[in-house]
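Undergrad: Here you go, one structure.
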Amino acid sequence: MMIFRHTLWFFVLNLLMAAAGAAPVGSGFSYQGELKVAGVPANAAFDFEFALFNVTTGGAPLDTLTRDNLLVNAGLFTTELDYTDVPFSAAEQYWLEVRVRDGASAGGYQQLLPRHKLTPTPYAVNARTVQAGGVNQNAIAVGAVGNAQLQTSAVGTAQLGNLAVTETKIADAAITEAKIADATITAAKLAFAPGDVTAVTAGSGLIGGGDAGDLDLAVDTSAIQARVTGSCQIGAYFRGIAADGTVVCESVLAYLGITLRTVIDTLPSPQGEFANFTAIAIGNDGLPVISYFDSSGALKVAKCGNTACTGLATITTVANPANIEGFYTSIAIGSDGLPVISYLDNNLGALKVAKCVNVDCIGAATIATIDDPGNSVGYYNAIAIGSDGLPVIAYQDLTARTLKVAKCLNAACTGAATITTVDDPANFVGFYTDIVIGSDGLPMISYLDSTASALKVAKCVNAACTGVATITTVDDPPVNVVGFYTAIAIGSDGLPVISYQDLSASTLKVAKCLNAACTGAATITTVDDPPGNLVGSFTTIAVSSDGLPVIGYLDFSANALKVAKCRNAACVGVATITTVDDPANGVGYYNAIAIGSDGLPVISYFDTTNISLKVAKCGTPSCQ
């Protein structure tokens, strides 16, 4: 008997909404999901039924669509659904029920429960615009355009021709100091005649001179200070003015102890684009940088403008060819201070690396194919910078069912990397890999042995991870399936600490190693186990500024982002559990955590409802 599990749901429904005079957007939507057979991502063709209901349970379907022999690759599949016979109404709620059977089977379908609510995607309505020169003076009534109609600086030198403003156009006392930006009135803009300006007031900052009625626009620096420029972003306070006139800002989070949540990139479209597989690092400039994938097939990077990642981030498409690139993305800051990103080219089944050419990752990155044999490789990849300053990448060879490591020969990872198969038992290994450089300078990797349903750790014996690594089964209870969504960090005591999910118990667990190689019996702790909820998905771990582990993860049942702050280096005892983001939306998917330059956690994650990349900046080490 085949046991199917459908763990993730992503969908966009375009209800019949349109602006007046615009064509309807239609009822079709894209559906993407992940299918597992007996806990292992499926790789085959399957038959699907997608039944649409207007009730959560029971009832008769409004319509049912069939997709035969739909290809599932590494557990992921996508299809277009359009219930043309259903008159969608914005006043009614709908649910989708999915059924599946093996593509070679003619038997019955297995029903995947529960049904999932379909939610609408908003559409922007484009306003009509007026081209330059389209409005003349006869079309505007006297007094129709005033302060309320014009934003500050809306009319500048580009909007006014020479001598365009005359005495009859300006009401008495209408031009005040607040209405004129510095340096906007030059000699070419003035039609002075001798005697029009008879004197310059002493101390005004303007120096009079030349012929009668002339105005010298030089600035008297003894009367006027350098102009103050810049402003503080949300989440920062004004601390002072630098010598060049720029403002000096400081994060207010530590003082106020609040958490800020920011939408970094929203990608609504009829194709159902979304941001996922997020990874985060802190640049040498102290600002977060995030790599992520959107389903248009592109690898993107967002560079935050401040430590809290509020305001507008710099968004760059790093790789967007005909291939689908950016799956399982991971990011690190190279020894040269530039971001380096590992990712899967899904079409080629190859491991790739993108090396940014500047700290903001703007411009054309250096793209290198690291491993591309006949096998499908690069799944669940994770990157770190070795003690020798060179990138090292752990990943799964899906075809060979093994754990592999690639060691780059230079900072850009170009040329032939050193490829090593680290673990190749009869079991299917290498799921949910994460990599860290140990206190002894050697790489170590946490991962799931899917066949044994166990958490394992591989400790390399050299910087390139060649030779025979030390393989340790860290947690393998007799009945439970453990080791999902592993993440590893080095504690302040120099010993590894690993967060992961116990799928059978629906809990978040932490394993604390007793030595640098993680051999022997680790200290195992259940950190979060709320009644009835499935927690611990997409775990990510970092060591806070106070030396204690902090873990980000998804409460799958609540669709909420949570953080667990350990109270000691081993994470034993009762941790501090905080719900960081829990709107009506489904948030917390594919989260990644880092400790900011201010010592406070910053978390990137996916909002499945709004189809957007978000960042939460904590105001305390525990995110409370």
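The chains in the structure tokens are called A, B, ... from first to last as shown; in each chain the residues are counted from 1, and the ligands are counted from 1 in the order shown.
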Got a sec: who's within 9 Å of stretch 584-601 of chain A, counting only C-alpha atoms, leaving out chain neighbours fewer than 6 positions off, as a ChimeraX atom specification?

TA: /A:251,253-254,276-288,307-308,537-546,550-556,558-562,607-610,614,616-623

Undergrad: Identify, on the basis of only C-alpha atoms, every residue whose closest approach to A:Ser506 does not exceed 7 Å; exclude the query and any residue fewer than 4 positions from it along the same chain; express the result as an MDAnalysis selection string.

TA: chainID A and resid 502 533:535

Undergrad: Quick one: residues within 12 Å of A:Asp85, only C-alpha atoms counted, chain neighbours fewer than 2 positions away excluded, as a PyMOL selection string?

TA: chain A and resi 27-28+52+61-65+81-83+87-88

Undergrad: With N, CA and C atoms kept, could you save the residues just selected as an mmCIF file, in the first residue's frame?

TA:
data_model
loop_
_atom_site.group_PDB
_atom_site.id
_atom_site.type_symbol
_atom_site.label_atom_id
_atom_site.label_comp_id
_atom_site.auth_asym_id
_atom_site.auth_seq_id
_atom_site.Cartn_x
_atom_site.Cartn_y
_atom_site.Cartn_z
ATOM 1 N N SER A 27 -10.857 33.075 -14.037
ATOM 2 C CA SER A 27 -10.980 32.267 -12.826
ATOM 3 C C SER A 27 -9.865 31.248 -12.676
ATOM 4 N N GLY A 28 -8.922 31.206 -13.614
ATOM 5 C CA GLY A 28 -7.849 30.223 -13.544
ATOM 6 C C GLY A 28 -6.818 30.570 -12.485
ATOM 7 N N LEU A 52 -13.417 20.849 -6.237
ATOM 8 C CA LEU A 52 -13.742 22.154 -5.668
ATOM 9 C C LEU A 52 -15.037 22.061 -4.874
ATOM 10 N N PRO A 61 -18.941 17.929 -4.661
ATOM 11 C CA PRO A 61 -18.036 18.876 -5.323
ATOM 12 C C PRO A 61 -18.769 19.731 -6.348
ATOM 13 N N LEU A 62 -18.384 21.011 -6.437
ATOM 14 C CA LEU A 62 -18.929 21.892 -7.459
ATOM 15 C C LEU A 62 -18.411 21.506 -8.840
ATOM 16 N N ASP A 63 -17.181 21.030 -8.880
ATOM 17 C CA ASP A 63 -16.564 20.591 -10.127
ATOM 18 C C ASP A 63 -15.297 19.817 -9.769
ATOM 19 N N THR A 64 -14.874 18.909 -10.623
ATOM 20 C CA THR A 64 -13.659 18.127 -10.383
ATOM 21 C C THR A 64 -12.823 18.106 -11.664
ATOM 22 N N LEU A 65 -11.532 18.461 -11.518
ATOM 23 C CA LEU A 65 -10.599 18.440 -12.642
ATOM 24 C C LEU A 65 -9.623 17.291 -12.459
ATOM 25 N N LEU A 81 -5.223 25.166 -12.995
ATOM 26 C CA LEU A 81 -6.598 24.743 -12.753
ATOM 27 C C LEU A 81 -7.550 25.876 -13.137
ATOM 28 N N ASP A 82 -8.622 25.530 -13.830
ATOM 29 C CA ASP A 82 -9.615 26.545 -14.193
ATOM 30 C C ASP A 82 -10.996 25.882 -14.185
ATOM 31 N N TYR A 83 -11.790 26.182 -13.154
ATOM 32 C CA TYR A 83 -13.132 25.637 -13.014
ATOM 33 C C TYR A 83 -14.102 26.543 -13.777
ATOM 34 N N PRO A 87 -19.374 29.533 -11.316
ATOM 35 C CA PRO A 87 -19.446 31.005 -11.320
ATOM 36 C C PRO A 87 -18.902 31.558 -9.990
ATOM 37 N N PHE A 88 -17.587 31.761 -9.919
ATOM 38 C CA PHE A 88 -16.988 32.233 -8.674
ATOM 39 C C PHE A 88 -17.636 33.531 -8.219
#

Undergrad: Residues at most 12 Å from A:Glu325, counting only C-alpha atoms, excluding those fewer than 4 positions away in the same chain, as an MDAnalysis selection string?

TA: chainID A and resid 277 291:300 317:321 329 341:354 367 369 378:379

Undergrad: Got a sec to tell me which of stretch 409-515 of chain A DSSP assigns to strand (DSSP E), as a compact mmCIF listing (two decimals) with N, CA, C and O atoms, in the first residue's frame?

TA:
# COMPACT_ATOMS: atom_id res chain seq x y z
N THR A 418 36.59 20.50 -5.79
CA THR A 418 36.88 19.16 -5.28
C THR A 418 35.58 18.55 -4.78
O THR A 418 34.97 19.03 -3.83
N ILE A 419 35.12 17.47 -5.45
CA ILE A 419 33.84 16.83 -5.14
C ILE A 419 34.09 15.53 -4.37
O ILE A 419 34.87 14.69 -4.81
N THR A 420 33.43 15.36 -3.22
CA THR A 420 33.61 14.18 -2.39
C THR A 420 32.25 13.63 -1.97
O THR A 420 31.37 14.39 -1.54
N THR A 421 32.07 12.32 -2.11
CA THR A 421 30.89 11.67 -1.54
C THR A 421 31.19 11.36 -0.08
O THR A 421 32.05 10.54 0.23
N VAL A 422 30.49 12.02 0.82
CA VAL A 422 30.79 11.96 2.25
C VAL A 422 30.09 10.78 2.92
O VAL A 422 30.65 10.12 3.79
N ASP A 423 28.83 10.53 2.52
CA ASP A 423 28.09 9.41 3.12
C ASP A 423 27.31 8.70 2.02
O ASP A 423 26.50 9.32 1.32
N VAL A 429 20.24 9.06 1.99
CA VAL A 429 20.71 10.08 2.92
C VAL A 429 20.84 11.43 2.21
O VAL A 429 20.70 11.53 1.00
N GLY A 430 21.14 12.46 3.02
CA GLY A 430 21.43 13.79 2.47
C GLY A 430 20.27 14.75 2.43
O GLY A 430 20.38 15.82 1.84
N PHE A 431 19.15 14.42 3.06
CA PHE A 431 18.02 15.32 3.11
C PHE A 431 18.26 16.43 4.14
O PHE A 431 18.89 16.20 5.18
N TYR A 432 17.72 17.63 3.85
CA TYR A 432 17.72 18.77 4.80
C TYR A 432 19.13 19.04 5.34
O TYR A 432 19.31 19.24 6.54
N THR A 433 20.13 19.07 4.46
CA THR A 433 21.50 19.29 4.92
C THR A 433 21.71 20.73 5.39
O THR A 433 21.09 21.68 4.89
N ASP A 434 22.62 20.87 6.36
CA ASP A 434 23.12 22.18 6.78
C ASP A 434 24.59 22.01 7.11
O ASP A 434 25.02 20.93 7.54
N ILE A 435 25.38 23.07 6.92
CA ILE A 435 26.83 22.97 7.11
C ILE A 435 27.31 24.12 7.96
O ILE A 435 26.76 25.24 7.90
N VAL A 436 28.35 23.87 8.75
CA VAL A 436 28.96 24.88 9.59
C VAL A 436 30.44 24.55 9.72
O VAL A 436 30.84 23.39 9.55
N ILE A 437 31.24 25.56 10.00
CA ILE A 437 32.66 25.35 10.24
C ILE A 437 32.87 25.23 11.74
O ILE A 437 32.54 26.14 12.50
N PRO A 443 34.79 21.47 8.48
CA PRO A 443 33.34 21.48 8.22
C PRO A 443 32.64 20.30 8.90
O PRO A 443 33.20 19.21 9.03
N MET A 444 31.40 20.55 9.30
CA MET A 444 30.55 19.47 9.77
C MET A 444 29.13 19.71 9.26
O MET A 444 28.68 20.85 9.12
N ILE A 445 28.43 18.60 8.98
CA ILE A 445 27.17 18.64 8.25
C ILE A 445 26.11 17.86 9.02
O ILE A 445 26.35 16.71 9.41
N SER A 446 24.96 18.48 9.22
CA SER A 446 23.80 17.76 9.77
C SER A 446 22.87 17.41 8.63
O SER A 446 22.73 18.18 7.66
N TYR A 447 22.19 16.25 8.71
CA TYR A 447 21.29 15.82 7.63
C TYR A 447 20.39 14.69 8.10
O TYR A 447 20.60 14.10 9.16
N LEU A 448 19.39 14.39 7.27
CA LEU A 448 18.43 13.32 7.55
C LEU A 448 18.80 12.08 6.76
O LEU A 448 19.03 12.14 5.56
N ASP A 449 18.86 10.94 7.48
CA ASP A 449 18.90 9.63 6.84
C ASP A 449 17.45 9.20 6.71
O ASP A 449 16.82 8.78 7.70
N ALA A 454 16.45 8.98 10.79
CA ALA A 454 17.37 9.36 11.86
C ALA A 454 18.11 10.64 11.51
O ALA A 454 18.34 10.98 10.34
N LEU A 455 18.51 11.40 12.56
CA LEU A 455 19.36 12.58 12.43
C LEU A 455 20.83 12.14 12.47
O LEU A 455 21.24 11.42 13.38
N LYS A 456 21.61 12.58 11.47
CA LYS A 456 23.02 12.21 11.41
C LYS A 456 23.89 13.46 11.29
O LYS A 456 23.43 14.52 10.87
N VAL A 457 25.18 13.30 11.65
CA VAL A 457 26.17 14.36 11.51
C VAL A 457 27.44 13.76 10.89
O VAL A 457 27.88 12.68 11.29
N ALA A 458 27.99 14.47 9.90
CA ALA A 458 29.27 14.09 9.29
C ALA A 458 30.31 15.13 9.66
O ALA A 458 30.11 16.32 9.42
N LYS A 459 31.42 14.70 10.24
CA LYS A 459 32.52 15.59 10.61
C LYS A 459 33.69 15.34 9.66
O LYS A 459 34.23 14.23 9.59
N THR A 470 33.88 11.38 9.75
CA THR A 470 33.31 10.72 10.92
C THR A 470 31.80 10.86 10.88
O THR A 470 31.27 11.97 10.97
N ILE A 471 31.09 9.74 10.70
CA ILE A 471 29.63 9.75 10.60
C ILE A 471 29.03 9.29 11.92
O ILE A 471 29.37 8.22 12.43
N THR A 472 28.11 10.09 12.47
CA THR A 472 27.47 9.78 13.75
C THR A 472 25.96 9.89 13.63
O THR A 472 25.45 10.88 13.10
N THR A 473 25.26 8.86 14.11
CA THR A 473 23.80 8.96 14.25
C THR A 473 23.51 9.64 15.58
O THR A 473 23.77 9.08 16.64
N VAL A 474 22.97 10.84 15.52
CA VAL A 474 22.78 11.67 16.71
C VAL A 474 21.48 11.34 17.41
O VAL A 474 21.40 11.29 18.64
N ASP A 475 20.40 11.10 16.64
CA ASP A 475 19.10 10.78 17.25
C ASP A 475 18.38 9.80 16.34
O ASP A 475 18.16 10.06 15.15
N VAL A 482 12.64 11.14 12.92
CA VAL A 482 13.29 12.37 13.37
C VAL A 482 14.32 12.83 12.34
O VAL A 482 14.69 12.08 11.45
N GLY A 483 14.79 14.09 12.49
CA GLY A 483 15.85 14.62 11.64
C GLY A 483 15.38 15.47 10.49
O GLY A 483 16.20 15.86 9.65
N PHE A 484 14.10 15.80 10.43
CA PHE A 484 13.60 16.66 9.37
C PHE A 484 14.03 18.11 9.64
O PHE A 484 14.12 18.55 10.78
N TYR A 485 14.28 18.89 8.56
CA TYR A 485 14.58 20.32 8.63
C TYR A 485 15.74 20.62 9.59
O TYR A 485 15.64 21.48 10.46
N THR A 486 16.86 19.91 9.45
CA THR A 486 17.98 20.10 10.37
C THR A 486 18.66 21.45 10.12
O THR A 486 18.69 21.96 9.00
N ALA A 487 19.22 22.02 11.19
CA ALA A 487 20.04 23.23 11.13
C ALA A 487 21.10 23.11 12.21
O ALA A 487 20.83 22.62 13.31
N ILE A 488 22.33 23.55 11.91
CA ILE A 488 23.45 23.35 12.84
C ILE A 488 24.19 24.66 13.05
O ILE A 488 24.30 25.49 12.14
N ALA A 489 24.67 24.87 14.27
CA ALA A 489 25.48 26.04 14.62
C ALA A 489 26.53 25.61 15.64
O ALA A 489 26.42 24.53 16.24
N ILE A 490 27.53 26.45 15.84
CA ILE A 490 28.55 26.21 16.85
C ILE A 490 28.27 27.11 18.04
O ILE A 490 28.21 28.34 17.91
N PRO A 496 28.93 21.83 18.76
CA PRO A 496 27.80 21.95 17.85
C PRO A 496 26.45 21.79 18.56
O PRO A 496 26.32 21.03 19.53
N VAL A 497 25.46 22.50 18.04
CA VAL A 497 24.08 22.39 18.52
C VAL A 497 23.19 22.33 17.28
O VAL A 497 23.37 23.10 16.33
N ILE A 498 22.23 21.38 17.29
CA ILE A 498 21.44 21.09 16.09
C ILE A 498 19.95 21.17 16.43
O ILE A 498 19.49 20.54 17.39
N SER A 499 19.20 21.92 15.62
CA SER A 499 17.74 21.95 15.74
C SER A 499 17.15 21.09 14.63
O SER A 499 17.69 21.01 13.53
N TYR A 500 16.00 20.45 14.91
CA TYR A 500 15.37 19.58 13.92
C TYR A 500 13.95 19.24 14.36
O TYR A 500 13.55 19.54 15.49
N GLN A 501 13.22 18.61 13.46
CA GLN A 501 11.83 18.25 13.75
C GLN A 501 11.69 16.75 14.00
O GLN A 501 12.27 15.94 13.28
N ASP A 502 10.96 16.40 15.08
CA ASP A 502 10.51 15.03 15.29
C ASP A 502 9.14 14.95 14.64
O ASP A 502 8.14 15.43 15.20
N THR A 507 7.05 17.71 17.03
CA THR A 507 7.73 18.59 17.99
C THR A 507 9.02 19.15 17.41
O THR A 507 9.58 18.64 16.44
N LEU A 508 9.49 20.24 18.04
CA LEU A 508 10.80 20.81 17.78
C LEU A 508 11.79 20.25 18.79
O LEU A 508 11.54 20.28 19.99
N LYS A 509 12.93 19.73 18.30
CA LYS A 509 13.93 19.17 19.20
C LYS A 509 15.29 19.82 18.95
O LYS A 509 15.54 20.40 17.89
N VAL A 510 16.17 19.72 19.95
CA VAL A 510 17.55 20.21 19.86
C VAL A 510 18.49 19.14 20.39
O VAL A 510 18.23 18.53 21.43
N ALA A 511 19.58 18.89 19.64
CA ALA A 511 20.63 17.98 20.08
C ALA A 511 21.90 18.78 20.33
O ALA A 511 22.35 19.54 19.46
N LYS A 512 22.47 18.64 21.53
CA LYS A 512 23.71 19.32 21.90
C LYS A 512 24.83 18.30 21.93
O LYS A 512 24.79 17.34 22.72
